[in-house]
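**Q** Just upload-v3.cif, nothing more (mmCIF, C-alpha atoms):
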data_upload
loop_
_atom_site.label_atom_id
_atom_site.label_comp_id
_atom_site.auth_asym_id
_atom_site.auth_seq_id
_atom_site.Cartn_x
_atom_site.Cartn_y
_atom_site.Cartn_z
CA MET A 1 37.81 88.16 72.13
CA ARG A 2 39.11 84.78 73.19
CA LYS A 3 42.53 85.63 71.81
CA ASN A 4 42.60 88.89 73.75
CA HIS A 5 41.92 87.03 76.93
CA ALA A 6 44.86 84.70 76.23
CA ALA A 7 47.20 87.65 75.69
CA GLU A 8 46.16 89.19 78.99
CA GLN A 9 46.80 85.91 80.71
CA GLU A 10 50.31 85.78 79.26
CA GLU A 11 51.12 89.28 80.50
CA ALA A 12 49.99 88.41 83.98
CA ASP A 13 52.24 85.36 83.98
CA GLU A 14 55.34 87.43 83.21
CA ILE A 15 57.46 88.05 86.33
CA ASN A 16 57.86 91.65 87.42
CA LEU A 17 61.62 92.23 87.45
CA THR A 18 61.62 95.71 88.96
CA PRO A 19 62.14 94.79 92.66
CA MET A 20 64.95 92.39 91.76
CA LEU A 21 66.60 95.10 89.65
CA ASP A 22 66.43 97.47 92.62
CA VAL A 23 68.13 94.96 94.87
CA VAL A 24 70.80 94.15 92.29
CA PHE A 25 71.58 97.83 91.78
CA ILE A 26 71.88 98.45 95.50
CA MET A 27 74.25 95.47 95.82
CA LEU A 28 76.27 96.75 92.86
CA ILE A 29 76.61 100.20 94.38
CA PHE A 30 77.59 98.69 97.74
CA PHE A 31 80.35 96.58 96.21
CA ILE A 32 81.64 99.48 94.08
CA VAL A 33 81.83 101.73 97.11
CA THR A 34 83.52 99.17 99.35
CA ALA A 35 85.96 97.99 96.68
CA SER A 36 89.43 98.98 97.73
CA PHE A 37 91.77 97.05 95.43
CA ILE A 38 94.44 96.41 98.04
CA LYS A 39 97.57 94.85 96.68
CA GLN A 40 98.42 91.98 98.94
CA PRO A 41 102.09 91.22 99.56
CA GLY A 42 101.47 87.58 98.69
CA VAL A 43 103.39 85.93 101.52
CA ASP A 44 102.23 84.56 104.83
CA VAL A 45 103.82 85.93 107.94
CA THR A 46 103.46 84.93 111.56
CA ARG A 47 102.27 87.96 113.43
CA THR A 48 102.77 88.72 117.08
CA ASP A 49 99.73 88.88 119.34
CA ALA A 50 98.93 92.29 120.71
CA TRP A 51 96.17 93.17 123.14
CA THR A 52 96.16 96.85 122.31
CA ALA A 53 96.07 96.54 118.52
CA VAL A 54 93.99 99.09 116.66
CA LYS A 55 92.05 98.35 113.49
CA MET A 56 93.52 99.95 110.38
CA PRO A 57 90.62 100.45 108.01
CA LYS A 58 92.57 102.81 105.77
CA ALA A 59 95.51 100.46 105.33
CA ASN A 60 96.21 100.42 101.61
CA ILE A 61 99.89 99.77 101.16
CA LEU A 62 100.96 96.47 102.63
CA ILE A 63 104.61 95.51 102.94
CA ALA A 64 105.57 92.09 104.23
CA ILE A 65 108.85 91.08 105.82
CA THR A 66 109.32 87.31 105.89
CA GLU A 67 111.14 85.09 108.33
CA GLY A 68 114.25 85.24 106.17
CA ASP A 69 114.18 89.07 106.07
CA GLU A 70 112.91 89.27 102.51
CA ILE A 71 110.71 92.22 101.62
CA TRP A 72 107.57 91.52 99.61
CA ILE A 73 105.27 94.11 98.03
CA ASP A 74 102.43 93.35 95.63
CA LYS A 75 103.31 89.65 95.25
CA LYS A 76 106.89 90.44 94.29
CA LYS A 77 110.11 90.20 96.23
CA VAL A 78 111.64 93.66 96.45
CA ASP A 79 115.27 94.55 96.92
CA PRO A 80 115.84 96.62 100.09
CA ARG A 81 117.26 99.42 97.94
CA SER A 82 114.18 99.71 95.75
CA VAL A 83 111.57 99.70 98.52
CA ARG A 84 111.38 103.48 98.41
CA GLU A 85 110.64 103.56 94.68
CA LYS A 86 107.96 100.92 95.08
CA VAL A 87 106.30 102.73 97.97
CA GLU A 88 106.37 106.02 96.04
CA GLN A 89 104.74 104.30 93.10
CA LEU A 90 101.97 102.82 95.27
CA LEU A 91 101.51 106.13 97.05
CA ALA A 92 101.03 107.89 93.71
CA GLU A 93 98.22 105.47 92.90
CA ASN A 94 96.66 105.94 96.31
CA PRO A 95 97.68 109.23 97.92
CA LYS A 96 95.63 108.68 101.08
CA GLY A 97 97.12 105.25 101.67
CA GLU A 98 98.51 104.23 105.00
CA VAL A 99 101.40 101.83 105.19
CA VAL A 100 101.13 98.68 107.25
CA ILE A 101 104.22 96.54 107.64
CA GLN A 102 103.55 92.87 108.17
CA ALA A 103 106.73 91.88 109.95
CA ASP A 104 107.29 88.24 110.76
CA ASN A 105 108.04 87.25 114.36
CA GLU A 106 111.47 86.02 113.36
CA SER A 107 112.44 88.94 111.12
CA THR A 108 115.16 91.20 112.45
CA HIS A 109 114.87 94.84 113.30
CA GLU A 110 117.42 95.73 110.62
CA THR A 111 114.98 95.03 107.78
CA LEU A 112 112.16 96.78 109.59
CA THR A 113 114.38 99.85 109.88
CA ILE A 114 115.16 99.75 106.16
CA VAL A 115 111.46 99.60 105.30
CA MET A 116 110.48 102.33 107.76
CA GLU A 117 113.24 104.62 106.51
CA ALA A 118 112.14 104.01 102.92
CA CYS A 119 108.54 104.85 103.81
CA LYS A 120 109.62 108.00 105.54
CA LYS A 121 111.70 109.08 102.55
CA ALA A 122 108.80 108.29 100.23
CA GLY A 123 106.69 110.72 102.25
CA VAL A 124 104.45 108.39 104.21
CA GLY A 125 103.48 109.97 107.49
CA ASN A 126 101.89 107.07 109.23
CA VAL A 127 103.46 103.64 109.44
CA ALA A 128 102.03 100.80 111.48
CA ILE A 129 103.18 97.29 112.27
CA SER A 130 100.62 94.59 111.71
CA THR A 131 99.75 92.39 114.67
CA SER A 132 97.19 89.72 115.26
CA GLU A 133 94.37 90.49 117.58
CA VAL A 134 93.98 88.40 120.71
CA MET B 1 39.32 90.75 66.05
CA ARG B 2 42.17 92.67 64.55
CA ARG B 3 41.46 95.76 66.55
CA SER B 4 41.64 93.99 69.83
CA VAL B 5 45.02 92.37 69.14
CA GLN B 6 46.81 95.39 67.66
CA PRO B 7 47.18 97.58 70.79
CA ILE B 8 48.70 94.77 72.83
CA ASP B 9 51.33 94.05 70.19
CA ASP B 10 52.14 97.72 69.96
CA GLU B 11 52.59 98.01 73.70
CA ASP B 12 54.97 95.06 73.76
CA ASP B 13 57.17 96.68 71.10
CA ASN B 14 57.34 99.96 72.97
CA GLU B 15 58.65 98.40 76.15
CA VAL B 16 62.44 98.68 76.48
CA ASN B 17 64.23 95.37 76.46
CA LEU B 18 66.07 95.24 79.75
CA THR B 19 67.86 91.95 79.22
CA PRO B 20 71.23 93.25 77.88
CA MET B 21 71.44 95.84 80.66
CA LEU B 22 70.66 93.16 83.23
CA ASP B 23 73.47 91.03 81.81
CA VAL B 24 75.95 93.87 82.14
CA VAL B 25 74.80 94.75 85.66
CA PHE B 26 75.12 91.13 86.76
CA ILE B 27 78.61 90.83 85.32
CA MET B 28 79.67 94.02 87.10
CA LEU B 29 78.10 92.76 90.32
CA ILE B 30 79.99 89.47 90.10
CA PHE B 31 83.24 91.28 89.31
CA PHE B 32 82.96 93.55 92.35
CA ILE B 33 81.94 90.68 94.63
CA VAL B 34 84.95 88.64 93.51
CA THR B 35 87.43 91.51 93.85
CA ALA B 36 86.06 92.67 97.20
CA SER B 37 88.73 91.99 99.77
CA PHE B 38 87.46 93.21 103.14
CA ILE B 39 90.88 93.29 104.70
CA LYS B 40 90.87 93.73 108.42
CA GLU B 41 94.36 94.82 109.30
CA ALA B 42 95.10 95.42 112.93
CA GLY B 43 98.30 97.01 114.04
CA LEU B 44 100.30 99.32 116.22
CA ASP B 45 101.46 102.74 115.09
CA VAL B 46 105.15 103.37 115.22
CA ASN B 47 106.80 106.73 115.20
CA ARG B 48 110.46 107.39 115.04
CA PRO B 49 111.98 110.66 116.15
CA ASP B 50 113.11 112.74 113.20
CA ALA B 51 115.99 114.53 114.82
CA PRO B 52 119.27 112.64 114.79
CA GLU B 53 120.19 113.96 118.25
CA THR B 54 117.53 111.71 119.74
CA ASN B 55 119.75 108.85 118.67
CA GLU B 56 121.31 108.68 122.13
CA PRO B 57 118.54 109.37 124.59
CA THR B 58 120.07 111.33 127.41
CA ASP B 59 116.73 112.30 128.82
CA ASN B 60 116.61 110.72 132.25
CA LEU B 61 112.88 111.13 132.39
CA SER B 62 112.02 108.68 129.66
CA ILE B 63 111.62 104.97 130.26
CA ILE B 64 114.34 103.40 128.15
CA VAL B 65 113.89 99.83 127.01
CA ASN B 66 116.84 98.18 125.30
CA LEU B 67 116.40 95.17 123.06
CA THR B 68 119.67 93.32 122.87
CA GLU B 69 121.29 91.20 120.20
CA ARG B 70 120.42 88.04 122.16
CA ASN B 71 116.72 89.00 122.21
CA GLU B 72 116.64 90.13 125.79
CA ILE B 73 114.73 93.07 127.16
CA GLU B 74 116.67 95.45 129.37
CA ILE B 75 115.15 98.16 131.48
CA GLY B 76 117.48 100.18 133.66
CA GLY B 77 120.37 97.79 133.07
CA ARG B 78 118.48 94.71 134.20
CA VAL B 79 117.37 91.88 131.91
CA ILE B 80 113.62 91.46 132.21
CA ASP B 81 111.33 88.62 131.27
CA PRO B 82 108.94 89.61 128.41
CA ARG B 83 105.97 88.90 130.70
CA ALA B 84 107.31 91.27 133.35
CA VAL B 85 107.78 94.24 131.00
CA ARG B 86 104.29 95.52 131.64
CA ALA B 87 104.74 95.52 135.43
CA ASN B 88 108.09 97.27 135.15
CA ILE B 89 106.75 99.96 132.85
CA GLU B 90 103.74 100.40 135.11
CA ARG B 91 106.04 100.97 138.08
CA LEU B 92 108.20 103.48 136.22
CA HIS B 93 105.08 105.14 134.82
CA ALA B 94 103.72 105.54 138.34
CA GLU B 95 106.95 107.22 139.40
CA ASP B 96 106.72 109.72 136.56
CA PRO B 97 103.41 109.74 134.67
CA SER B 98 104.72 112.09 131.97
CA ALA B 99 107.65 109.87 131.00
CA PRO B 100 107.49 108.44 127.49
CA VAL B 101 108.77 104.99 126.58
CA VAL B 102 111.82 104.95 124.35
CA ILE B 103 112.72 101.65 122.72
CA ARG B 104 116.29 101.13 121.56
CA PRO B 105 116.39 97.97 119.50
CA HIS B 106 119.51 96.19 118.31
CA ILE B 107 119.54 95.51 114.57
CA LYS B 108 119.65 91.77 115.22
CA SER B 109 116.75 91.75 117.66
CA LYS B 110 113.57 90.08 116.51
CA ASN B 111 110.52 92.14 115.64
CA GLU B 112 108.39 89.94 117.91
CA LEU B 113 110.17 91.43 120.89
CA LEU B 114 109.60 94.97 119.65
CA ILE B 115 105.86 94.40 119.27
CA GLN B 116 105.67 92.72 122.68
CA VAL B 117 107.36 95.70 124.33
CA MET B 118 105.13 98.18 122.49
CA ASP B 119 102.04 96.21 123.44
CA SER B 120 103.14 95.89 127.08
CA SER B 121 103.78 99.59 127.23
CA ARG B 122 100.34 100.39 125.87
CA GLN B 123 98.80 97.95 128.33
CA ALA B 124 100.66 99.75 131.10
CA GLY B 125 99.00 102.94 129.94
CA VAL B 126 101.96 104.59 128.21
CA TYR B 127 100.91 105.37 124.66
CA ASN B 128 103.79 107.74 124.00
CA ILE B 129 106.25 105.26 122.55
CA SER B 130 109.14 106.17 120.33
CA LEU B 131 111.76 104.16 118.62
CA THR B 132 115.38 105.21 118.25
CA ASP B 133 117.71 104.32 115.45
CA PRO B 134 118.89 100.77 116.00
CA ILE B 135 122.04 99.96 117.92
CA GLY B 136 124.81 98.13 116.14
CA GLY B 137 123.96 99.49 112.68
#
How does this structure look as structure tokens?
**A**
Amino acid sequence: MRKNHAAEQEEADEINLTPMLDVVFIMLIFFIVTASFIKQPGVDVTRTDAWTAVKMPKANILIAITEGDEIWIDKKKVDPRSVREKVEQLLAENPKGEVVIQADNESTHETLTIVMEACKKAGVGNVAISTSEV
Amino acid sequence: MRRSVQPIDDEDDNEVNLTPMLDVVFIMLIFFIVTASFIKEAGLDVNRPDAPETNEPTDNLSIIVNLTERNEIEIGGRVIDPRAVRANIERLHAEDPSAPVVIRPHIKSKNELLIQVMDSSRQAGVYNISLTDPIGG
């Protein structure tokens, strides 16, 4: 009888894990749902301030144009002629993706035109230029 | 004595061991937390006219903004300070509220200027902005 009492005591001491498991599962589901796996261009650009900027929550394909008019996609420098291929490839992975071009303040319009043309040829309907919010 | 101990042991054995599942769930949780990016991109939409005939805007009704090679903003043949673009577009917008803004950038103009003009135009209340093929290309 004494031993039985000890066993009961031990069971009462054990922590009930169920509420913690519930919380962990809810966190897991939240992070799975919000995970977007955006491929960052991997370069820093200086953006222009804009008062009327709109948030782009569906932005999935990011293309950066640096100060020296280099085009960067997915942490790699891309030749202007192969931008279209690269965008098509990313679009295939993410058909609902919107393109956001992160153009540096000092980059010229020529490169921006090349990128926009490539996006258009790759079949992207909506292209936006990234700005910083004031 | 034996009888009283036996059921407790049995119950313990029947309980599913949750530890390995917990390990997996925690590892998945950590993976998704680490890869979560929460990117907040803000930007301005740009649309370019498809038809090549819009290359040379002959429409007198639209507000044409030229961006020159020397990074100057020209509206109606006059060079305008970037801070005054909004006021100028507002004035032209008041004259003809249906007029869209057409930006004609030079290939050597900086993108900063383009965004400033687009932003000024939107601040002036003209959201119908289009971009022509660049000059000097």
**Q** Give me the result of the PyMOL selection byres ((chain A) within 6 of (chain B)) on this file, residue by residue, as a list in words.
**A** Leu28, Phe31, Ala35, Thr48, Ala50, Ala53, Val54, Lys55, Met56, Asn105, Glu106, Ser107, Thr108, His109, Glu110, Ala128, Ile129, Ser130 and Thr131 of chain A
**Q** Convert the current residue selection to file output with C-alpha atoms, as a PDB file, in the coordinates of the input.
**A**
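The file below, again_23.pdb, is the result:
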ATOM      1  CA  LEU A  28      76.270  96.750  92.860  1.00  0.00           C
ATOM      2  CA  PHE A  31      80.350  96.580  96.210  1.00  0.00           C
ATOM      3  CA  ALA A  35      85.960  97.990  96.680  1.00  0.00           C
ATOM      4  CA  THR A  48     102.770  88.720 117.080  1.00  0.00           C
ATOM      5  CA  ALA A  50      98.930  92.290 120.710  1.00  0.00           C
ATOM      6  CA  ALA A  53      96.070  96.540 118.520  1.00  0.00           C
ATOM      7  CA  VAL A  54      93.990  99.090 116.660  1.00  0.00           C
ATOM      8  CA  LYS A  55      92.050  98.350 113.490  1.00  0.00           C
ATOM      9  CA  MET A  56      93.520  99.950 110.380  1.00  0.00           C
ATOM     10  CA  ASN A 105     108.040  87.250 114.360  1.00  0.00           C
ATOM     11  CA  GLU A 106     111.470  86.020 113.360  1.00  0.00           C
ATOM     12  CA  SER A 107     112.440  88.940 111.120  1.00  0.00           C
ATOM     13  CA  THR A 108     115.160  91.200 112.450  1.00  0.00           C
ATOM     14  CA  HIS A 109     114.870  94.840 113.300  1.00  0.00           C
ATOM     15  CA  GLU A 110     117.420  95.730 110.620  1.00  0.00           C
ATOM     16  CA  ALA A 128     102.030 100.800 111.480  1.00  0.00           C
ATOM     17  CA  ILE A 129     103.180  97.290 112.270  1.00  0.00           C
ATOM     18  CA  SER A 130     100.620  94.590 111.710  1.00  0.00           C
ATOM     19  CA  THR A 131      99.750  92.390 114.670  1.00  0.00           C
TER      20      THR A 131
END
**Q** Tell me, as an MDAnalysis selection string, which residues lie within 12 Å of Arg78 of chain B, counting all atoms listed in the file; anything in the same chain fewer than 3 positions away does not count.
**A** chainID B and resid 64:68 72:75 81 84:85 88
**Q** What's the separation between atom CA of Ile29 of chain A and atom CA of Val99 of chain A, in Å to one decimal place?
**A** 27.1 Å
**Q** Using all atoms listed in the file, which residues sit within 12 Å of Ile73 of chain A once same-chain residues fewer than 2 positions away are excluded, as number ranges by chain?
**A** A: 38-43, 60-66, 70-71, 75-80, 82-87, 89-90, 99-102, 115
**Q** Rounded to one decimal, what separation in Å do you get between atom CA of Glu95 of chain B and atom CA of Val79 of chain B?
**A** 20.0 Å
**Q** Env of segment 96-103 of chain B: 6 Å cut, atoms = only C-alpha atoms, seq-sep filter 3 positions within chain, self excluded. Answer as a PyMOL selection string.
**A** chain B and resi 61-66+93+128-131
**Q** Can you tell me which residues surround Val124 of chain A at a distance of at most 10 Å, considering only C-alpha atoms, apart from same-chain residues fewer than 3 positions away, and format the answer as a list in words?
**A**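 With the cut-off at 10 Å, the set is Val87, Glu88, Leu91, Pro95, Lys96, Gly97, Glu98, Val99, Met116, Glu117, Ala118, Cys119, Lys120, Lys121 and Val127 of chain A.
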